[in-house]
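> Got a structure here, written out as structure tokens. Questions coming.
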Amino acid sequence: TRTSRPQRILKAVQRKATVGDPQSVITAIDHFCRHREWAMNVGDEKGSILDSVVNEVSPVTVLELGTYCGYSTVRIARLLPPGACVITLEFNPDYAAIARQVIKWSGLEDKVQLVEGASGDWIPWMKEHFGVQAFDLVFLDHWKERYLPDTKLLEECGLIQKGTVLLADNVICPGTPDYLEYVRNSPHYNSQYYRSHLEYTKAEDGLEKSVFLGY
Ligand SMILES: Nc1ncc2ncn(CCCCCNC(=O)c3cc(-c4ccc(F)cc4)cc(O)c3O)c2n1
Ligand SMILES: [Mg+2]
């Protein structure tokens with residue numbers, strides 16, 4: 001049978017990127033998705049905004065919801081200092097298998113914990129299983145209708161504390177209206193919108209950055 005799109009993305013990385021060079025992995029995926037086949041990576045334009053937020057927060061513990069092929073995982077992990085790590089959750093085993101290889105090719109496997117499963121099932125176990133106190137940064141890029149329930153779940157599980165930054169992809173396209181309404185109207189968050197474009201297209205999209213202010 002035909003290869004899958006994630007498999008073709010991995011092939012592009014193995015052909016074009018240098019082992020141990022995360023930037024070349026990012027460039028290879030962006031080139032493939034812009035000139036060969038569109039795919040739902042955060043992409044280069046929104047990716048630069050993601051980079052600036054990671055650099056601003058300089059997080060020790062990051063949670064990423066929705067790994068896909070590991071493109072944003074590599075973008076985040078390449079900016080982390082020694083001792084910092086990103087826990088990334090992926091629901092789809094085929095995507096997870098590809099992401100592991102992309103992360104390995106970039107040489108960042110020591111900074112990444114890839115967990116296979118659904119956010120709703122795993123979030124309640126994060127403290128116990130990973131010894132996480134609270135996350136410094138959460139990148140939401142999974143099922144758009146799970147952004148709000150998972151944010152509430154993270155709050156309930158004490159995984160969000162004063163200063164935790166939530167960064168949400170696709171708040172315009174495909175859109176996450178209930179999540180946006182919540183973080184923009186809650187007295188416990190300071191929210192701002194970074195206008196951009198849907199990856200590799202001219203359509204509008206953007207990232208919403210929300211800082212938790214404490215209870
Ligand atoms: N609960 C749970 N826990 C863990 C999980 N891991 C994966 N999932 C399932 C997530 C499946 C992929 C999510 N991402 C998107 O759907 C997405 C879509 C577009 C897009 C598509 C078509 C268009 F025409 C326009 C825009 C663009 C994006 O940037 C997107 O990120 C999980 N769920
Ligand atoms: Mg996305």
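All residue names refer to the structure tokens as shown: chains lettered A, B, ... in order, residues numbered from 1 in each chain, ligands numbered from 1 in order.
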May I have the residues within 9 Å of ligand 1, computed using only C-alpha atoms and all ligand atoms, as number ranges by chain?
A: 39-43, 65-68, 88-92, 95-96, 116-122, 140-147, 150, 169-170, 173-175, 198-199, 203, 205
> Store the residues picked out above in a file with N, CA and C atoms, as a short mmCIF file (atom, residue, chain, number, x, y, z; two decimals), in the first residue's frame.

data_model
loop_
_atom_site.label_atom_id
_atom_site.label_comp_id
_atom_site.auth_asym_id
_atom_site.auth_seq_id
_atom_site.Cartn_x
_atom_site.Cartn_y
_atom_site.Cartn_z
N ALA A 39 1.06 19.64 5.31
CA ALA A 39 0.79 18.81 6.50
C ALA A 39 0.62 19.73 7.69
N MET A 40 -0.03 19.22 8.74
CA MET A 40 -0.46 20.08 9.84
C MET A 40 0.61 20.33 10.92
N ASN A 41 1.86 20.61 10.45
CA ASN A 41 2.89 21.07 11.39
C ASN A 41 2.61 22.53 11.69
N VAL A 42 3.09 23.01 12.83
CA VAL A 42 2.85 24.42 13.16
C VAL A 42 3.49 25.32 12.09
N GLY A 43 4.55 24.84 11.45
CA GLY A 43 5.17 25.54 10.31
C GLY A 43 6.18 26.60 10.71
N LEU A 65 0.72 18.92 23.68
CA LEU A 65 -0.43 18.06 23.41
C LEU A 65 -0.61 17.97 21.90
N GLY A 66 -0.36 16.77 21.36
CA GLY A 66 -0.43 16.56 19.92
C GLY A 66 0.96 16.67 19.30
N THR A 67 1.62 15.54 19.09
CA THR A 67 2.99 15.50 18.58
C THR A 67 3.02 15.53 17.05
N TYR A 68 2.11 14.76 16.43
CA TYR A 68 2.08 14.52 14.98
C TYR A 68 3.45 13.95 14.57
N THR A 88 5.67 15.08 25.40
CA THR A 88 4.75 15.26 24.29
C THR A 88 3.82 14.06 24.18
N LEU A 89 2.53 14.36 24.07
CA LEU A 89 1.49 13.33 24.03
C LEU A 89 0.97 13.15 22.62
N GLU A 90 0.98 11.91 22.15
CA GLU A 90 0.43 11.61 20.82
C GLU A 90 -0.51 10.42 20.91
N PHE A 91 -1.69 10.59 20.36
CA PHE A 91 -2.79 9.62 20.43
C PHE A 91 -2.62 8.52 19.39
N ASN A 92 -2.09 8.90 18.23
CA ASN A 92 -2.03 8.00 17.08
C ASN A 92 -0.69 7.27 17.05
N TYR A 95 1.65 8.01 14.02
CA TYR A 95 2.28 9.34 14.12
C TYR A 95 3.43 9.26 15.14
N ALA A 96 3.15 8.60 16.29
CA ALA A 96 4.15 8.51 17.37
C ALA A 96 5.43 7.82 16.88
N GLU A 116 2.49 7.81 24.31
CA GLU A 116 1.37 7.47 23.43
C GLU A 116 0.10 7.37 24.25
N GLY A 117 -0.89 8.13 23.88
CA GLY A 117 -2.17 8.07 24.58
C GLY A 117 -2.93 9.37 24.41
N ALA A 118 -4.16 9.38 24.98
CA ALA A 118 -5.02 10.56 24.87
C ALA A 118 -4.76 11.49 26.05
N SER A 119 -4.79 12.79 25.77
CA SER A 119 -4.52 13.80 26.80
C SER A 119 -5.40 13.58 28.03
N GLY A 120 -6.68 13.36 27.80
CA GLY A 120 -7.62 13.20 28.92
C GLY A 120 -7.28 12.03 29.82
N ASP A 121 -6.67 11.00 29.25
CA ASP A 121 -6.31 9.82 30.06
C ASP A 121 -5.01 10.04 30.82
N TRP A 122 -4.07 10.78 30.19
CA TRP A 122 -2.71 10.90 30.74
C TRP A 122 -2.53 12.07 31.71
N LEU A 140 -0.58 23.66 23.13
CA LEU A 140 -1.79 22.93 22.75
C LEU A 140 -1.90 22.87 21.24
N ASP A 141 -1.88 21.64 20.70
CA ASP A 141 -1.93 21.47 19.25
C ASP A 141 -2.61 20.16 18.89
N HIS A 142 -3.53 19.72 19.72
CA HIS A 142 -4.20 18.44 19.51
C HIS A 142 -5.65 18.65 19.10
N TRP A 143 -6.54 17.77 19.39
CA TRP A 143 -7.95 17.91 18.99
C TRP A 143 -8.47 19.24 19.47
N LYS A 144 -9.01 20.07 18.60
CA LYS A 144 -9.35 21.46 18.95
C LYS A 144 -10.44 21.51 20.01
N GLU A 145 -11.32 20.50 20.02
CA GLU A 145 -12.39 20.49 21.03
C GLU A 145 -11.88 19.97 22.38
N ARG A 146 -10.60 19.57 22.46
CA ARG A 146 -10.05 19.13 23.75
C ARG A 146 -9.27 20.24 24.44
N TYR A 147 -9.03 21.39 23.72
CA TYR A 147 -8.23 22.45 24.36
C TYR A 147 -8.85 22.90 25.69
N ASP A 150 -9.15 20.03 28.51
CA ASP A 150 -7.81 19.66 29.01
C ASP A 150 -7.19 20.78 29.83
N ASP A 169 -2.17 26.57 19.43
CA ASP A 169 -2.13 26.69 17.98
C ASP A 169 -3.56 26.66 17.43
N ASN A 170 -3.77 27.20 16.23
CA ASN A 170 -5.03 27.05 15.47
C ASN A 170 -6.25 27.69 16.10
N CYS A 173 -7.97 28.87 12.79
CA CYS A 173 -8.20 27.83 11.78
C CYS A 173 -7.47 26.54 12.14
N PRO A 174 -8.16 25.46 12.49
CA PRO A 174 -9.61 25.22 12.44
C PRO A 174 -10.42 26.03 13.46
N GLY A 175 -9.82 26.56 14.50
CA GLY A 175 -10.55 27.37 15.47
C GLY A 175 -10.87 26.62 16.75
N LEU A 198 -2.20 30.16 8.73
CA LEU A 198 -2.23 28.71 8.73
C LEU A 198 -0.97 28.23 8.04
N GLU A 199 -0.31 27.25 8.62
CA GLU A 199 0.98 26.77 8.12
C GLU A 199 0.98 26.59 6.60
N ALA A 203 -4.04 31.65 4.50
CA ALA A 203 -5.23 31.75 5.36
C ALA A 203 -4.84 32.31 6.73
N ASP A 205 -4.52 32.47 10.62
CA ASP A 205 -4.55 31.66 11.84
C ASP A 205 -3.67 32.41 12.84
#
> Would you mind writing down, as a ChimeraX atom specification, each residue of stretch 10-126 of chain A that DSSP on the backbone assigns to alpha helix (DSSP H)?
/A:10-16,22-35,43-57,71-77,93-106,119-122,126
> Generate the output file for the selected residues, C-alpha atoms, as a short mmCIF file (atom, residue, chain, number, x, y, z; two decimals), in the first residue's frame.

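In the end it all went to result_0.cif:
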data_model
loop_
_atom_site.label_atom_id
_atom_site.label_comp_id
_atom_site.auth_asym_id
_atom_site.auth_seq_id
_atom_site.Cartn_x
_atom_site.Cartn_y
_atom_site.Cartn_z
CA LEU A 10 10.25 11.17 7.60
CA LYS A 11 11.78 10.19 4.22
CA ALA A 12 12.29 13.86 3.40
CA VAL A 13 14.06 14.34 6.74
CA GLN A 14 16.29 11.29 6.18
CA ARG A 15 17.14 12.51 2.66
CA LYS A 16 17.65 16.21 3.31
CA PRO A 22 17.67 20.09 14.52
CA GLN A 23 17.54 23.17 12.28
CA SER A 24 18.13 21.03 9.18
CA VAL A 25 15.25 18.75 10.29
CA ILE A 26 12.94 21.77 10.64
CA THR A 27 14.05 23.16 7.26
CA ALA A 28 13.56 19.78 5.54
CA ILE A 29 10.00 19.38 6.86
CA ASP A 30 9.05 22.97 6.01
CA HIS A 31 10.42 22.59 2.46
CA PHE A 32 8.57 19.31 1.93
CA CYS A 33 5.27 20.67 3.29
CA ARG A 34 5.50 23.92 1.35
CA HIS A 35 6.60 22.45 -2.01
CA GLY A 43 5.17 25.54 10.31
CA ASP A 44 7.87 28.19 9.96
CA GLU A 45 5.83 31.38 10.47
CA LYS A 46 3.92 30.31 13.60
CA GLY A 47 7.03 28.29 14.54
CA SER A 48 9.05 31.49 14.89
CA ILE A 49 6.41 32.83 17.30
CA LEU A 50 6.62 29.52 19.22
CA ASP A 51 10.41 29.93 19.36
CA SER A 52 10.13 33.44 20.78
CA VAL A 53 7.70 32.31 23.50
CA VAL A 54 9.97 29.36 24.44
CA ASN A 55 12.96 31.72 24.66
CA GLU A 56 10.95 34.21 26.75
CA VAL A 57 9.64 31.55 29.19
CA TYR A 71 8.11 19.11 14.11
CA SER A 72 7.10 21.41 16.99
CA THR A 73 8.65 18.99 19.50
CA VAL A 74 12.01 19.51 17.75
CA ARG A 75 11.44 23.30 17.58
CA ILE A 76 10.83 23.40 21.33
CA ALA A 77 13.48 20.86 22.43
CA PRO A 93 0.58 5.18 17.26
CA ASP A 94 1.61 5.61 13.61
CA TYR A 95 2.28 9.34 14.12
CA ALA A 96 4.15 8.51 17.37
CA ALA A 97 6.40 6.01 15.59
CA ILE A 98 7.34 8.58 12.94
CA ALA A 99 7.82 11.33 15.53
CA ARG A 100 10.24 9.17 17.53
CA GLN A 101 12.42 8.79 14.43
CA VAL A 102 12.26 12.49 13.55
CA ILE A 103 13.21 13.42 17.13
CA LYS A 104 16.04 10.87 17.09
CA TRP A 105 17.34 12.19 13.72
CA SER A 106 17.53 15.68 15.26
CA SER A 119 -4.52 13.80 26.80
CA GLY A 120 -7.62 13.20 28.92
CA ASP A 121 -6.31 9.82 30.06
CA TRP A 122 -2.71 10.90 30.74
CA MET A 126 1.48 13.33 34.98
#
> Mind the document's chain letters and residue numbers, and return as a PyMOL selection string the residues of stretch 21-206 of chain A that DSSP labels strand (DSSP E or B).
chain A and resi 61-65+85-90+112-116+135-140+160-168+189-197+204-206
> Write a file of the just-selected residues containing N, CA and C atoms, as a compact mmCIF listing (two decimals), in the first residue's frame.

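Okay, selection-v9.txt is ready:
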# COMPACT_ATOMS: atom_id res chain seq x y z
N THR A 61 10.11 22.54 32.35
CA THR A 61 9.21 21.43 31.95
C THR A 61 8.13 21.94 31.02
N VAL A 62 8.07 21.31 29.85
CA VAL A 62 7.11 21.67 28.82
C VAL A 62 6.18 20.49 28.58
N LEU A 63 4.89 20.76 28.40
CA LEU A 63 3.94 19.74 27.95
C LEU A 63 3.46 20.12 26.55
N GLU A 64 3.56 19.21 25.61
CA GLU A 64 3.02 19.42 24.27
C GLU A 64 1.88 18.43 24.08
N LEU A 65 0.72 18.92 23.68
CA LEU A 65 -0.43 18.06 23.41
C LEU A 65 -0.61 17.97 21.90
N CYS A 85 13.09 19.54 29.79
CA CYS A 85 12.55 18.53 28.88
C CYS A 85 11.12 18.84 28.45
N VAL A 86 10.75 18.24 27.33
CA VAL A 86 9.37 18.37 26.85
C VAL A 86 8.72 17.00 26.87
N ILE A 87 7.56 16.92 27.53
CA ILE A 87 6.74 15.70 27.50
C ILE A 87 5.70 15.95 26.41
N THR A 88 5.67 15.08 25.40
CA THR A 88 4.75 15.26 24.29
C THR A 88 3.82 14.06 24.18
N LEU A 89 2.53 14.36 24.07
CA LEU A 89 1.49 13.33 24.03
C LEU A 89 0.97 13.15 22.62
N GLU A 90 0.98 11.91 22.15
CA GLU A 90 0.43 11.61 20.82
C GLU A 90 -0.51 10.42 20.91
N VAL A 112 13.36 14.82 25.25
CA VAL A 112 11.95 14.57 24.89
C VAL A 112 11.45 13.27 25.51
N GLN A 113 10.23 13.34 26.07
CA GLN A 113 9.52 12.13 26.53
C GLN A 113 8.26 12.04 25.67
N LEU A 114 8.23 11.11 24.74
CA LEU A 114 7.03 10.96 23.91
C LEU A 114 6.14 9.91 24.55
N VAL A 115 4.90 10.26 24.83
CA VAL A 115 3.95 9.35 25.48
C VAL A 115 2.80 9.08 24.53
N GLU A 116 2.49 7.81 24.31
CA GLU A 116 1.37 7.47 23.43
C GLU A 116 0.10 7.37 24.25
N PHE A 135 3.74 22.54 35.03
CA PHE A 135 4.38 22.83 33.76
C PHE A 135 4.68 24.32 33.65
N ASP A 136 5.82 24.66 33.09
CA ASP A 136 6.17 26.07 32.84
C ASP A 136 5.53 26.55 31.54
N LEU A 137 5.40 25.61 30.59
CA LEU A 137 4.83 25.95 29.29
C LEU A 137 4.01 24.76 28.79
N VAL A 138 2.80 25.01 28.28
CA VAL A 138 1.97 23.99 27.65
C VAL A 138 1.68 24.45 26.23
N PHE A 139 2.03 23.62 25.22
CA PHE A 139 1.72 23.92 23.82
C PHE A 139 0.55 23.04 23.40
N LEU A 140 -0.58 23.66 23.13
CA LEU A 140 -1.79 22.93 22.75
C LEU A 140 -1.90 22.87 21.24
N ILE A 160 -0.98 23.44 36.53
CA ILE A 160 -0.82 24.83 36.09
C ILE A 160 -0.65 25.66 37.35
N GLN A 161 0.42 26.44 37.42
CA GLN A 161 0.61 27.30 38.59
C GLN A 161 0.85 28.73 38.12
N LYS A 162 0.90 29.68 39.05
CA LYS A 162 1.12 31.10 38.74
C LYS A 162 2.33 31.21 37.81
N GLY A 163 2.15 31.83 36.68
CA GLY A 163 3.25 32.01 35.73
C GLY A 163 3.27 31.00 34.60
N THR A 164 2.55 29.89 34.75
CA THR A 164 2.50 28.91 33.65
C THR A 164 1.94 29.58 32.41
N VAL A 165 2.59 29.31 31.27
CA VAL A 165 2.16 29.88 30.00
C VAL A 165 1.50 28.79 29.15
N LEU A 166 0.27 29.07 28.68
CA LEU A 166 -0.40 28.19 27.72
C LEU A 166 -0.23 28.83 26.35
N LEU A 167 0.23 28.09 25.36
CA LEU A 167 0.34 28.58 23.99
C LEU A 167 -0.46 27.64 23.11
N ALA A 168 -1.51 28.17 22.48
CA ALA A 168 -2.45 27.35 21.71
C ALA A 168 -2.34 27.63 20.22
N TYR A 189 -6.38 34.44 33.84
CA TYR A 189 -5.43 34.39 32.71
C TYR A 189 -5.24 35.77 32.11
N ASN A 190 -4.00 36.03 31.68
CA ASN A 190 -3.71 37.22 30.89
C ASN A 190 -3.39 36.73 29.49
N SER A 191 -4.27 36.99 28.54
CA SER A 191 -4.22 36.39 27.23
C SER A 191 -3.87 37.36 26.12
N GLN A 192 -3.07 36.92 25.15
CA GLN A 192 -2.83 37.77 23.98
C GLN A 192 -2.73 36.92 22.72
N TYR A 193 -3.21 37.52 21.61
CA TYR A 193 -3.28 36.84 20.32
C TYR A 193 -2.12 37.27 19.43
N TYR A 194 -1.42 36.26 18.87
CA TYR A 194 -0.34 36.51 17.91
C TYR A 194 -0.87 36.13 16.53
N ARG A 195 -1.19 37.15 15.75
CA ARG A 195 -1.79 36.92 14.43
C ARG A 195 -0.74 36.36 13.48
N SER A 196 -1.12 35.33 12.72
CA SER A 196 -0.19 34.73 11.77
C SER A 196 -1.01 34.11 10.63
N HIS A 197 -0.51 33.02 10.07
CA HIS A 197 -1.20 32.33 8.98
C HIS A 197 -1.18 30.83 9.22
N GLU A 204 -5.76 33.06 7.35
CA GLU A 204 -5.42 33.55 8.68
C GLU A 204 -5.48 32.43 9.71
N ASP A 205 -4.52 32.47 10.62
CA ASP A 205 -4.55 31.66 11.84
C ASP A 205 -3.67 32.41 12.84
N GLY A 206 -3.57 31.88 14.03
CA GLY A 206 -2.71 32.52 15.02
C GLY A 206 -2.57 31.67 16.26
> Given only C-alpha atoms as the basis, pick out the residue of A:Val183, A:Leu148, A:Glu155, A:Val171 nearest to A:Tyr215.
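Ranking A:Val183, A:Leu148, A:Glu155, A:Val171 by distance to A:Tyr215, first place goes to A:Glu155.
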> From the options A:Ile123, A:Leu108, A:Cys69, A:Leu159, which residue's atoms come nearest to ligand 2, counting only C-alpha atoms and all ligand atoms?
A:Cys69
> Can you measure atom CA of A:Leu154 to atom CA of A:Tyr179 for me? One decimal in Å is fine.
13.5 Å
> Could you jot down the atom CA of A:Pro59 to atom CA of A:Leu153 separation for me, Å, one decimal place?
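Those two atoms sit 20.7 Å apart.
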> Name the closest residue to ligand 2 among the candidates A:Lys111, A:Pro82, A:Pro177, A:Gly70; distances are taken between atoms, counting only C-alpha atoms and all ligand atoms.
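Closest candidate: A:Gly70.
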> As an exercise, work out the distance from atom 1 (Mg, counted along the ligand's line) of ligand 2 to atom CA of A:Lys202 in Å and give it to one decimal place.
15.1 Å
